[in-house]
Each structure stands twice: as C-alpha cells, then as structure tokens.
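Here is the file structure-v8.pdb (PDB, C-alpha atoms).
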```
ATOM      1  CA  MET A   1     141.305  47.546 115.243
ATOM      2  CA  CYS A   2     144.361  48.760 117.135
ATOM      3  CA  GLN A   3     146.623  48.919 114.130
ATOM      4  CA  ALA A   4     145.036  51.856 112.315
ATOM      5  CA  CYS A   5     146.422  54.216 114.948
ATOM      6  CA  HIS A   6     149.055  52.163 116.768
ATOM      7  CA  GLY A   7     150.396  49.919 113.966
ATOM      8  CA  THR A   8     151.005  46.186 114.129
ATOM      9  CA  ASP A   9     154.478  47.193 115.350
ATOM     10  CA  GLY A  10     153.000  49.322 118.154
ATOM     11  CA  LEU A  11     154.448  52.546 116.765
ATOM     12  CA  SER A  12     152.084  55.486 116.461
ATOM     13  CA  LYS A  13     150.645  56.107 113.005
ATOM     14  CA  THR A  14     149.103  59.441 114.001
ATOM     15  CA  PRO A  15     150.534  62.129 116.310
ATOM     16  CA  ASP A  16     147.651  61.895 118.792
ATOM     17  CA  ALA A  17     148.071  58.151 119.335
ATOM     18  CA  PRO A  18     150.859  56.901 121.592
ATOM     19  CA  ASN A  19     153.465  54.310 120.754
ATOM     20  CA  ILE A  20     152.483  51.151 122.620
ATOM     21  CA  ALA A  21     155.268  48.831 121.443
ATOM     22  CA  ALA A  22     156.917  47.211 124.468
ATOM     23  CA  GLN A  23     154.628  49.070 126.819
ATOM     24  CA  THR A  24     154.374  47.343 130.187
ATOM     25  CA  GLU A  25     151.540  44.814 130.295
ATOM     26  CA  PRO A  26     150.032  46.065 133.602
ATOM     27  CA  TYR A  27     149.951  49.609 132.210
ATOM     28  CA  LEU A  28     148.179  48.531 129.014
ATOM     29  CA  VAL A  29     145.592  46.484 130.916
ATOM     30  CA  THR A  30     144.950  49.324 133.363
ATOM     31  CA  GLN A  31     144.517  51.902 130.592
ATOM     32  CA  LEU A  32     142.250  49.708 128.463
ATOM     33  CA  GLN A  33     140.093  49.049 131.526
ATOM     34  CA  ALA A  34     140.076  52.782 132.329
ATOM     35  CA  PHE A  35     138.810  53.544 128.808
ATOM     36  CA  LYS A  36     136.142  50.835 129.247
ATOM     37  CA  SER A  37     134.963  52.209 132.583
ATOM     38  CA  GLY A  38     135.105  55.809 131.353
ATOM     39  CA  ALA A  39     137.692  56.768 133.989
ATOM     40  CA  ARG A  40     139.989  57.733 131.111
ATOM     41  CA  LYS A  41     138.378  59.511 128.207
ATOM     42  CA  ASN A  42     139.222  59.463 124.512
ATOM     43  CA  ASP A  43     136.608  59.262 121.766
ATOM     44  CA  ALA A  44     138.498  56.801 119.565
ATOM     45  CA  MET A  45     139.516  54.536 122.436
ATOM     46  CA  SER A  46     136.105  54.563 124.102
ATOM     47  CA  LEU A  47     134.595  53.317 120.868
ATOM     48  CA  VAL A  48     137.221  50.634 120.298
ATOM     49  CA  VAL A  49     137.306  49.173 123.810
ATOM     50  CA  SER A  50     133.536  48.886 124.055
ATOM     51  CA  SER A  51     133.734  45.716 121.957
ATOM     52  CA  LEU A  52     136.665  44.168 123.841
ATOM     53  CA  SER A  53     136.112  41.379 126.351
ATOM     54  CA  ASP A  54     138.364  41.063 129.399
ATOM     55  CA  LYS A  55     140.157  38.270 127.527
ATOM     56  CA  ASP A  56     140.612  40.554 124.512
ATOM     57  CA  VAL A  57     142.108  43.226 126.778
ATOM     58  CA  GLU A  58     144.578  40.684 128.154
ATOM     59  CA  ASP A  59     145.457  39.408 124.680
ATOM     60  CA  VAL A  60     145.998  42.902 123.271
ATOM     61  CA  ALA A  61     148.151  43.881 126.255
ATOM     62  CA  ALA A  62     150.155  40.652 125.943
ATOM     63  CA  TYR A  63     150.788  41.215 122.236
ATOM     64  CA  PHE A  64     151.978  44.812 122.399
ATOM     65  CA  SER A  65     153.986  44.311 125.583
ATOM     66  CA  ALA A  66     155.824  41.396 123.941
ATOM     67  CA  ILE A  67     157.215  43.626 121.193
ATOM     68  CA  GLU A  68     160.865  44.321 121.960
ATOM     69  CA  ILE A  69     162.430  47.724 121.491
ATOM     70  CA  LYS A  70     165.918  49.125 121.850
ATOM     71  CA  ILE A  71     167.028  52.656 122.635
ATOM     72  CA  VAL A  72     168.983  54.037 119.689
ATOM     73  CA  LYS A  73     169.752  57.554 120.886
ATOM     74  CA  ILE A  74     169.190  59.721 123.952
ATOM     75  CA  PRO A  75     169.443  63.507 123.456
ATOM     76  CA  GLY A  76     172.649  64.948 124.904
ATOM     77  CA  GLN A  77     174.377  61.583 125.198
TER      78      GLN A  77
ATOM     79  CA  MET B   1     161.348  64.117 138.815
ATOM     80  CA  CYS B   2     160.307  62.042 135.818
ATOM     81  CA  GLN B   3     163.217  59.654 135.995
ATOM     82  CA  ALA B   4     162.292  57.806 139.187
ATOM     83  CA  CYS B   5     159.458  56.064 137.344
ATOM     84  CA  HIS B   6     160.233  56.655 133.660
ATOM     85  CA  GLY B   7     164.056  56.676 133.639
ATOM     86  CA  THR B   8     166.313  59.168 131.902
ATOM     87  CA  ASP B   9     166.046  56.791 128.946
ATOM     88  CA  GLY B  10     162.232  56.935 129.018
ATOM     89  CA  LEU B  11     161.883  53.239 129.822
ATOM     90  CA  SER B  12     159.582  52.308 132.682
ATOM     91  CA  LYS B  13     161.261  51.575 136.003
ATOM     92  CA  THR B  14     158.057  50.285 137.592
ATOM     93  CA  PRO B  15     155.281  48.176 136.011
ATOM     94  CA  ASP B  16     152.606  50.820 136.573
ATOM     95  CA  ALA B  17     154.521  53.552 134.757
ATOM     96  CA  PRO B  18     154.558  53.587 130.966
ATOM     97  CA  ASN B  19     157.575  53.748 128.720
ATOM     98  CA  ILE B  20     157.693  57.279 127.318
ATOM     99  CA  ALA B  21     160.873  57.027 125.246
ATOM    100  CA  ALA B  22     160.168  58.248 121.708
ATOM    101  CA  GLN B  23     156.560  58.927 122.580
ATOM    102  CA  THR B  24     154.993  61.443 120.193
ATOM    103  CA  GLU B  25     155.404  65.005 121.416
ATOM    104  CA  PRO B  26     151.717  65.990 120.942
ATOM    105  CA  TYR B  27     150.649  62.947 122.962
ATOM    106  CA  LEU B  28     153.024  63.764 125.842
ATOM    107  CA  VAL B  29     151.902  67.412 125.955
ATOM    108  CA  THR B  30     148.229  66.422 125.869
ATOM    109  CA  GLN B  31     148.620  63.871 128.665
ATOM    110  CA  LEU B  32     150.682  66.164 130.917
ATOM    111  CA  GLN B  33     148.062  68.884 130.452
ATOM    112  CA  ALA B  34     145.301  66.351 131.173
ATOM    113  CA  PHE B  35     146.994  65.401 134.455
ATOM    114  CA  LYS B  36     147.325  69.120 135.282
ATOM    115  CA  SER B  37     143.654  69.825 134.584
ATOM    116  CA  GLY B  38     142.512  66.668 136.360
ATOM    117  CA  ALA B  39     140.920  65.273 133.197
ATOM    118  CA  ARG B  40     143.272  62.303 133.538
ATOM    119  CA  LYS B  41     143.816  60.989 137.030
ATOM    120  CA  ASN B  42     146.867  59.355 138.603
ATOM    121  CA  ASP B  43     148.101  60.147 142.098
ATOM    122  CA  ALA B  44     151.805  60.209 141.245
ATOM    123  CA  MET B  45     151.369  62.215 138.056
ATOM    124  CA  SER B  46     148.932  64.705 139.589
ATOM    125  CA  LEU B  47     151.517  65.502 142.237
ATOM    126  CA  VAL B  48     154.406  65.814 139.779
ATOM    127  CA  VAL B  49     152.689  67.960 137.154
ATOM    128  CA  SER B  50     151.366  70.449 139.699
ATOM    129  CA  SER B  51     154.823  72.042 139.802
ATOM    130  CA  LEU B  52     155.354  72.095 136.024
ATOM    131  CA  SER B  53     154.934  75.307 134.033
ATOM    132  CA  ASP B  54     153.653  75.188 130.454
ATOM    133  CA  LYS B  55     157.274  75.651 129.354
ATOM    134  CA  ASP B  56     158.328  72.705 131.559
ATOM    135  CA  VAL B  57     155.624  70.558 129.947
ATOM    136  CA  GLU B  58     156.947  71.474 126.495
ATOM    137  CA  ASP B  59     160.555  70.816 127.524
ATOM    138  CA  VAL B  60     159.756  67.434 129.084
ATOM    139  CA  ALA B  61     157.738  66.393 126.023
ATOM    140  CA  ALA B  62     160.538  67.550 123.712
ATOM    141  CA  TYR B  63     163.172  65.586 125.645
ATOM    142  CA  PHE B  64     161.373  62.255 125.817
ATOM    143  CA  SER B  65     160.010  62.470 122.264
ATOM    144  CA  ALA B  66     163.550  63.058 120.974
ATOM    145  CA  ILE B  67     164.771  59.708 122.308
ATOM    146  CA  GLU B  68     165.059  57.320 119.380
ATOM    147  CA  ILE B  69     163.970  53.694 119.593
ATOM    148  CA  LYS B  70     164.119  50.755 117.243
ATOM    149  CA  ILE B  71     161.868  47.706 117.083
ATOM    150  CA  VAL B  72     163.922  44.593 117.846
ATOM    151  CA  LYS B  73     161.255  41.895 117.682
ATOM    152  CA  ILE B  74     157.533  41.572 116.948
ATOM    153  CA  PRO B  75     155.786  38.419 118.264
ATOM    154  CA  GLY B  76     155.013  35.959 115.488
ATOM    155  CA  GLN B  77     157.365  37.573 112.996
TER     156      GLN B  77
END
```

Rewrite the coordinates I just gave you, this time as structure tokens.
Amino acid sequence: MCQACHGTDGLSKTPDAPNIAAQTEPYLVTQLQAFKSGARKNDAMSLVVSSLSDKDVEDVAAYFSAIEIKIVKIPGQ
Amino acid sequence: MCQACHGTDGLSKTPDAPNIAAQTEPYLVTQLQAFKSGARKNDAMSLVVSSLSDKDVEDVAAYFSAIEIKIVKIPGQ
C-alpha cells in the first residue's frame, strides 16, 4: 500500500508525499501511530494505517528505515 | 535553528527528528505551516516555527529540498 505514494525505494512518487527512505525508525513508528490515533491528520494516511496492526507498523518502519541513502550534493557546498 | 536536530545536511541528528534532506518542497512547506497553525503538534517544532515568516518557511523548504540524495541500498535487493 505504501508504494503508490512513497515507492518501494522510499522516494516520493507525488509532491505531497514525503520521502521515507532511510527515515529514522522511531520517527516512522511515531508518525504511523499518530495517524492511527488521529493526532496527525492526512486523508490518505488515515485510510492506509487503519488496516495496519502494531506489528505491521513495526515492519513498515523497519523496512523503510533500513534503506540506505547517501548525500550527493548540498546547496552552496 | 534547524540544524541542531536536522543537520545542515538534512540528516537527522536525533532519533525523534526526521531526515529532511531532499524532502519534497511542497511537503516541507505544508508541514512547517501545519506546525505554525497548530494542525500538527510537536513541542520543538512549534517553538521553532513561531519565529519563521512565510518567506523563511519558503527559504528553509527550498534549501533542504535542494539537497540531493542517492539510494545506496534497498533491503532484499
């Protein structure tokens, strides 16, 4: 379900969706739980997380956080 | 102000803060505005964004979105 907007590589496929490749695992878990509880609101995410178990949340966070990225260029450097 | 948690390279310096390197510009603007309006809640971010003008929000989003990243490794591939 995640890949339509975030890709299997964790890179955004639509401007409104964030890159989540290599995102920290605690951050991903916290945000997925916040969408589940309604503390953070987004129509697409609210719909998607409603079907995720706590184990699913952990698995999704583990997968995307395990993607490795490298900085290629920083503006002005 | 951003760099204490997110680095000048946009990579998280603390597990609770997300990587924002190469994040899409519309996403960064939307989230900064959501922290400003209170629609999205986080103690550290609420404090930081309170001093940002709309132009600052645009500049910050432009800077971090202009950082280029490359995928190094995807689990299972």

Mind doing a quick least-squares superposition of chain B onto chain A, all C-alpha atoms paired one-to-one in order, and writing it out as an mmCIF file with C-alpha atoms, in the frame of the given file?
```cif
data_model
loop_
_atom_site.group_PDB
_atom_site.id
_atom_site.type_symbol
_atom_site.label_atom_id
_atom_site.label_comp_id
_atom_site.auth_asym_id
_atom_site.auth_seq_id
_atom_site.Cartn_x
_atom_site.Cartn_y
_atom_site.Cartn_z
ATOM 1 C CA MET B 1 141.320 47.556 115.230
ATOM 2 C CA CYS B 2 144.370 48.764 117.130
ATOM 3 C CA GLN B 3 146.638 48.920 114.124
ATOM 4 C CA ALA B 4 145.041 51.856 112.311
ATOM 5 C CA CYS B 5 146.425 54.222 114.947
ATOM 6 C CA HIS B 6 149.063 52.159 116.767
ATOM 7 C CA GLY B 7 150.394 49.917 113.971
ATOM 8 C CA THR B 8 151.008 46.186 114.138
ATOM 9 C CA ASP B 9 154.472 47.184 115.348
ATOM 10 C CA GLY B 10 153.011 49.314 118.159
ATOM 11 C CA LEU B 11 154.445 52.542 116.763
ATOM 12 C CA SER B 12 152.082 55.485 116.452
ATOM 13 C CA LYS B 13 150.647 56.114 112.998
ATOM 14 C CA THR B 14 149.114 59.447 113.998
ATOM 15 C CA PRO B 15 150.539 62.137 116.319
ATOM 16 C CA ASP B 16 147.659 61.887 118.791
ATOM 17 C CA ALA B 17 148.074 58.150 119.333
ATOM 18 C CA PRO B 18 150.857 56.898 121.583
ATOM 19 C CA ASN B 19 153.464 54.312 120.755
ATOM 20 C CA ILE B 20 152.485 51.152 122.626
ATOM 21 C CA ALA B 21 155.261 48.836 121.443
ATOM 22 C CA ALA B 22 156.911 47.206 124.465
ATOM 23 C CA GLN B 23 154.621 49.069 126.815
ATOM 24 C CA THR B 24 154.372 47.335 130.194
ATOM 25 C CA GLU B 25 151.545 44.815 130.289
ATOM 26 C CA PRO B 26 150.040 46.067 133.599
ATOM 27 C CA TYR B 27 149.951 49.610 132.213
ATOM 28 C CA LEU B 28 148.181 48.533 129.002
ATOM 29 C CA VAL B 29 145.589 46.486 130.917
ATOM 30 C CA THR B 30 144.951 49.334 133.359
ATOM 31 C CA GLN B 31 144.512 51.907 130.591
ATOM 32 C CA LEU B 32 142.238 49.706 128.453
ATOM 33 C CA GLN B 33 140.090 49.041 131.523
ATOM 34 C CA ALA B 34 140.072 52.772 132.321
ATOM 35 C CA PHE B 35 138.796 53.544 128.812
ATOM 36 C CA LYS B 36 136.142 50.827 129.252
ATOM 37 C CA SER B 37 134.970 52.208 132.596
ATOM 38 C CA GLY B 38 135.101 55.802 131.374
ATOM 39 C CA ALA B 39 137.686 56.767 133.995
ATOM 40 C CA ARG B 40 139.978 57.736 131.118
ATOM 41 C CA LYS B 41 138.361 59.515 128.213
ATOM 42 C CA ASN B 42 139.212 59.467 124.508
ATOM 43 C CA ASP B 43 136.609 59.267 121.762
ATOM 44 C CA ALA B 44 138.487 56.799 119.564
ATOM 45 C CA MET B 45 139.517 54.535 122.427
ATOM 46 C CA SER B 46 136.095 54.571 124.095
ATOM 47 C CA LEU B 47 134.581 53.314 120.861
ATOM 48 C CA VAL B 48 137.213 50.621 120.302
ATOM 49 C CA VAL B 49 137.301 49.176 123.816
ATOM 50 C CA SER B 50 133.522 48.887 124.058
ATOM 51 C CA SER B 51 133.722 45.718 121.956
ATOM 52 C CA LEU B 52 136.656 44.170 123.841
ATOM 53 C CA SER B 53 136.109 41.374 126.358
ATOM 54 C CA ASP B 54 138.367 41.070 129.403
ATOM 55 C CA LYS B 55 140.166 38.271 127.542
ATOM 56 C CA ASP B 56 140.621 40.567 124.514
ATOM 57 C CA VAL B 57 142.116 43.235 126.788
ATOM 58 C CA GLU B 58 144.584 40.683 128.168
ATOM 59 C CA ASP B 59 145.462 39.408 124.687
ATOM 60 C CA VAL B 60 146.001 42.903 123.271
ATOM 61 C CA ALA B 61 148.158 43.883 126.256
ATOM 62 C CA ALA B 62 150.159 40.655 125.943
ATOM 63 C CA TYR B 63 150.793 41.212 122.226
ATOM 64 C CA PHE B 64 151.977 44.808 122.391
ATOM 65 C CA SER B 65 153.994 44.310 125.587
ATOM 66 C CA ALA B 66 155.831 41.403 123.938
ATOM 67 C CA ILE B 67 157.220 43.629 121.180
ATOM 68 C CA GLU B 68 160.863 44.322 121.961
ATOM 69 C CA ILE B 69 162.434 47.740 121.486
ATOM 70 C CA LYS B 70 165.924 49.110 121.849
ATOM 71 C CA ILE B 71 167.031 52.651 122.636
ATOM 72 C CA VAL B 72 168.992 54.034 119.680
ATOM 73 C CA LYS B 73 169.754 57.553 120.887
ATOM 74 C CA ILE B 74 169.189 59.724 123.964
ATOM 75 C CA PRO B 75 169.445 63.520 123.463
ATOM 76 C CA GLY B 76 172.649 64.931 124.912
ATOM 77 C CA GLN B 77 174.363 61.563 125.182
#
```

Check your understanding: How would you write as JSON, numbers by chain the residues that get within 12 Å of (152.4, 65.5, 129.5) in the file's frame, counting all atoms listed in the file?
Key -> {"A": [18], "B": [2, 20, 23, 24, 25, 26, 27, 28, 29, 30, 31, 32, 33, 34, 35, 36, 37, 40, 45, 46, 48, 49, 50, 52, 53, 54, 55, 56, 57, 58, 59, 60, 61, 62, 63, 64, 65]}

Just to be explicit: take each residue in the selection above, keep C-alpha atoms, and write the result as an mmCIF file, in the coordinates of the input.
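New file out-v7.cif:
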```
data_model
loop_
_atom_site.group_PDB
_atom_site.id
_atom_site.type_symbol
_atom_site.label_atom_id
_atom_site.label_comp_id
_atom_site.auth_asym_id
_atom_site.auth_seq_id
_atom_site.Cartn_x
_atom_site.Cartn_y
_atom_site.Cartn_z
ATOM 1 C CA PRO A 18 150.859 56.901 121.592
ATOM 2 C CA CYS B 2 160.307 62.042 135.818
ATOM 3 C CA ILE B 20 157.693 57.279 127.318
ATOM 4 C CA GLN B 23 156.560 58.927 122.580
ATOM 5 C CA THR B 24 154.993 61.443 120.193
ATOM 6 C CA GLU B 25 155.404 65.005 121.416
ATOM 7 C CA PRO B 26 151.717 65.990 120.942
ATOM 8 C CA TYR B 27 150.649 62.947 122.962
ATOM 9 C CA LEU B 28 153.024 63.764 125.842
ATOM 10 C CA VAL B 29 151.902 67.412 125.955
ATOM 11 C CA THR B 30 148.229 66.422 125.869
ATOM 12 C CA GLN B 31 148.620 63.871 128.665
ATOM 13 C CA LEU B 32 150.682 66.164 130.917
ATOM 14 C CA GLN B 33 148.062 68.884 130.452
ATOM 15 C CA ALA B 34 145.301 66.351 131.173
ATOM 16 C CA PHE B 35 146.994 65.401 134.455
ATOM 17 C CA LYS B 36 147.325 69.120 135.282
ATOM 18 C CA SER B 37 143.654 69.825 134.584
ATOM 19 C CA ARG B 40 143.272 62.303 133.538
ATOM 20 C CA MET B 45 151.369 62.215 138.056
ATOM 21 C CA SER B 46 148.932 64.705 139.589
ATOM 22 C CA VAL B 48 154.406 65.814 139.779
ATOM 23 C CA VAL B 49 152.689 67.960 137.154
ATOM 24 C CA SER B 50 151.366 70.449 139.699
ATOM 25 C CA LEU B 52 155.354 72.095 136.024
ATOM 26 C CA SER B 53 154.934 75.307 134.033
ATOM 27 C CA ASP B 54 153.653 75.188 130.454
ATOM 28 C CA LYS B 55 157.274 75.651 129.354
ATOM 29 C CA ASP B 56 158.328 72.705 131.559
ATOM 30 C CA VAL B 57 155.624 70.558 129.947
ATOM 31 C CA GLU B 58 156.947 71.474 126.495
ATOM 32 C CA ASP B 59 160.555 70.816 127.524
ATOM 33 C CA VAL B 60 159.756 67.434 129.084
ATOM 34 C CA ALA B 61 157.738 66.393 126.023
ATOM 35 C CA ALA B 62 160.538 67.550 123.712
ATOM 36 C CA TYR B 63 163.172 65.586 125.645
ATOM 37 C CA PHE B 64 161.373 62.255 125.817
ATOM 38 C CA SER B 65 160.010 62.470 122.264
#
```

Check your understanding: Given a cut-off of 6 Å, which residues of chain A touch chain B, counting all atoms listed in the file, written out as a ChimeraX atom specification?
Key -> /A:15-16,19,23-24,27,67-74

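What separates atom CA of Cys5 of chain A from atom CA of His6 of chain B is a distance of 23.4 Å.
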
Exercise for review: Record the distance separating atom CA of Ala4 of chain A and atom CA of Gln77 of chain B, expressed in Å with one decimal.
Suggested key: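 Computing the Euclidean distance for atom CA of Ala4 of chain A and atom CA of Gln77 of chain B yields 18.9 Å.
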
How big is the axis-aligned box around the listed atoms of segment 5-10 of chain B once 3 Å is added on each side, and where is its centre? Give both in Å to one decimal, as JSON.
```
{"center_x": 162.9, "center_y": 57.6, "center_z": 133.1, "size_x": 12.9, "size_y": 9.1, "size_z": 14.4}
```
